[in-house]
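A.B. asks: My structure is below; once you've seen it, I'll send some questions.
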Amino acid sequence: MIRNTTNKTINTSNNRKKNTAVNRAHIRSEKFSVYYGSTEAIKKVDLDIPKKSVTAIIGPSGCGKSTFLRAVNRMNDLIPSCYTSGKLFFNNEEIYGQLVDPVLLRKRVGMVFQKPNPFPKTIFDNVAFGPSLYTSRKKGALYGIVEESLKKAALWEEVKDRLNQNALGLSGGQQQRLCLARALAVEPEILLMDEPTSALDPRATERIEQLIDELNGKYTILIVTHNMQQAARVSDDTAFFYEGELIEFAPTGRLFTKPGETKTEEYITGRFG
Ligand SMILES: Nc1ncnc2c1ncn2[C@@H]1O[C@H](COP(=O)(O)OP(=O)(O)OP(=O)(O)O)[C@@H](O)[C@H]1O
Ligand SMILES: [Mg+2]
């Protein structure tokens, strides 16, 4: 459900808060830094991201939100000048450990980008692509996974009669839900979303927010957003970054109503950024 007022939303979000046993850290960073050449874009961040809930990352442009997100599935590996120090864990396993295979990591840590980026293939093939890499199933068996994933992404009803049409023929909002279905098809544990609605209109945005709500509790979701209303609507906890530093991490309701740091207050009241 999309809710209209920030306060109401925050209350609902808090009511949904999981018990502490379930709520243990799924992603943990310890003095974790990310560099591009000599520039430290993420600065010694200590952060525990709870399992199976939604965490928002907010902060002004260039503060390192995407950099942090991309560290979690090692997408930053693709940038030659990029390296890290400190530690980043996923299920107590070091993400930058020598034994970690980034390809397998990315199966467990799915990502949805700012701009919908379906492959120029059929709707079916977009969703079947991942599962077909990781399993040796034939097209018939893949159908079940495709149907289930499209249902999870609330797209099935709109596309079930056109699975063999090109995905690029879908609307922007449908394409983004397709990208979500594609990410869900390989059964990840974590979903990273980097401004997933910034290219969408309000109706399509509402649809994605509804979906995040439905997926909350089933996956650990880390969402970067410039829209503070959105962070307040969809997340349980919020991390505020500024110039590469984690300034504050708190339950969303508290961060937006009683921020503990002056910088956070200045940002959420629109004094900069
Ligand atoms: N590939 C790269 N090479 C060099 N520097 C980079 C690279 N990507 C990001 N940076 C720098 O790292 C810092 C953090 O960038 P990042 O993209 O993580 O910020 P962001 O918070 O996601 O910003 P935005 O809200 O604009 O998306 C910025 O100073 C940026 O210029
Ligand atoms: Mg970014």
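Within each chain, counting starts at residue 1; across the structure tokens, chains are named A, B, ... in the order shown, with ligands numbered 1 upward in that order.
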Taking only C-alpha atoms and all ligand atoms into account, list the residues no farther than 10 Å from ligand 1, as an MDAnalysis selection string.
C.D. replies: chainID A and resid 34:42 57:71 76 78:82 114 194:195 224:226 241:244 273
A.B. asks: DSSP on the backbone: what in range 123-226 of chain A comes out strand (DSSP E or B), as an MDAnalysis selection string?
C.D. replies: chainID A and resid 166 190:194 216 219:224
A.B. asks: CA of Val186 in chain A and CA of Asn164 in chain A, how far apart in Å?
C.D. replies: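 Rounded to one decimal, the two atoms are 20.2 Å apart.
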A.B. asks: Which one is closest to ligand 2: A:Pro196, A:Glu93, A:Leu150, A:Ser85? Count only C-alpha atoms and all ligand atoms.
C.D. replies: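 Among A:Pro196, A:Glu93, A:Leu150, A:Ser85, it is A:Pro196 that comes nearest to ligand 2.
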A.B. asks: I'd like the contact shell of Glu158 in chain A - 9 Å cut-off, only C-alpha atoms, skipping same-chain residues fewer than 4 positions apart - returned as a ChimeraX atom specification.
C.D. replies: /A:154,162,174
A.B. asks: Output the selection as a CSV table (one decimal), in the first residue's frame - all heavy atoms for each residue.
C.D. replies:
chain,number,residue,atom,x,y,z
A,154,ALA,N,4.9,-8.4,-10.2
A,154,ALA,CA,3.6,-7.8,-10.5
A,154,ALA,C,3.5,-7.4,-12.0
A,154,ALA,O,2.9,-6.4,-12.3
A,154,ALA,CB,3.2,-6.7,-9.6
A,162,ARG,N,2.2,-12.0,-24.2
A,162,ARG,CA,3.2,-11.5,-25.1
A,162,ARG,C,4.6,-11.8,-24.7
A,162,ARG,O,5.5,-11.0,-24.9
A,162,ARG,CB,3.0,-9.9,-25.3
A,162,ARG,CG,2.9,-9.2,-24.0
A,162,ARG,CD,2.5,-7.8,-24.1
A,162,ARG,NE,3.4,-6.9,-24.6
A,162,ARG,CZ,3.4,-5.6,-24.4
A,162,ARG,NH1,2.5,-5.0,-23.6
A,162,ARG,NH2,4.3,-4.8,-25.0
A,174,GLN,N,7.0,-0.8,-16.9
A,174,GLN,CA,7.0,-2.2,-17.1
A,174,GLN,C,8.4,-2.8,-17.3
A,174,GLN,O,8.7,-3.8,-16.7
A,174,GLN,CB,6.1,-2.5,-18.4
A,174,GLN,CG,4.7,-2.3,-18.2
A,174,GLN,CD,3.9,-2.5,-19.5
A,174,GLN,OE1,4.4,-2.2,-20.6
A,174,GLN,NE2,2.7,-3.0,-19.4
A.B. asks: Which of range 54-168 of chain A end up as helix (DSSP H, G or I) when DSSP is run on this backbone - answer as a PyMOL selection string?
C.D. replies: chain A and resi 65-72+75-78+102-108+123-134+139-152+156-159+167-168
A.B. asks: Hey, can you check how far CA of Ala153 in chain A sits from CA of Glu214 in chain A?
C.D. replies: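 Taking CA of Ala153 in chain A as the start and CA of Glu214 in chain A as the end point, the length is 9.4 Å.
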A.B. asks: Tell me which of A:Val127, A:Met111, A:Leu99, A:Leu142 sits closest to Arg182 in chain A, counting only C-alpha atoms.
C.D. replies: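 Closest to Arg182 in chain A, using only C-alpha atoms: A:Val127.
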A.B. asks: A:Ser198, A:Thr55, A:Ser149, A:Gln175: which is nearest ligand 2, counting only C-alpha atoms and all ligand atoms?
C.D. replies: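 Result for the nearest residue to ligand 2: A:Ser198.
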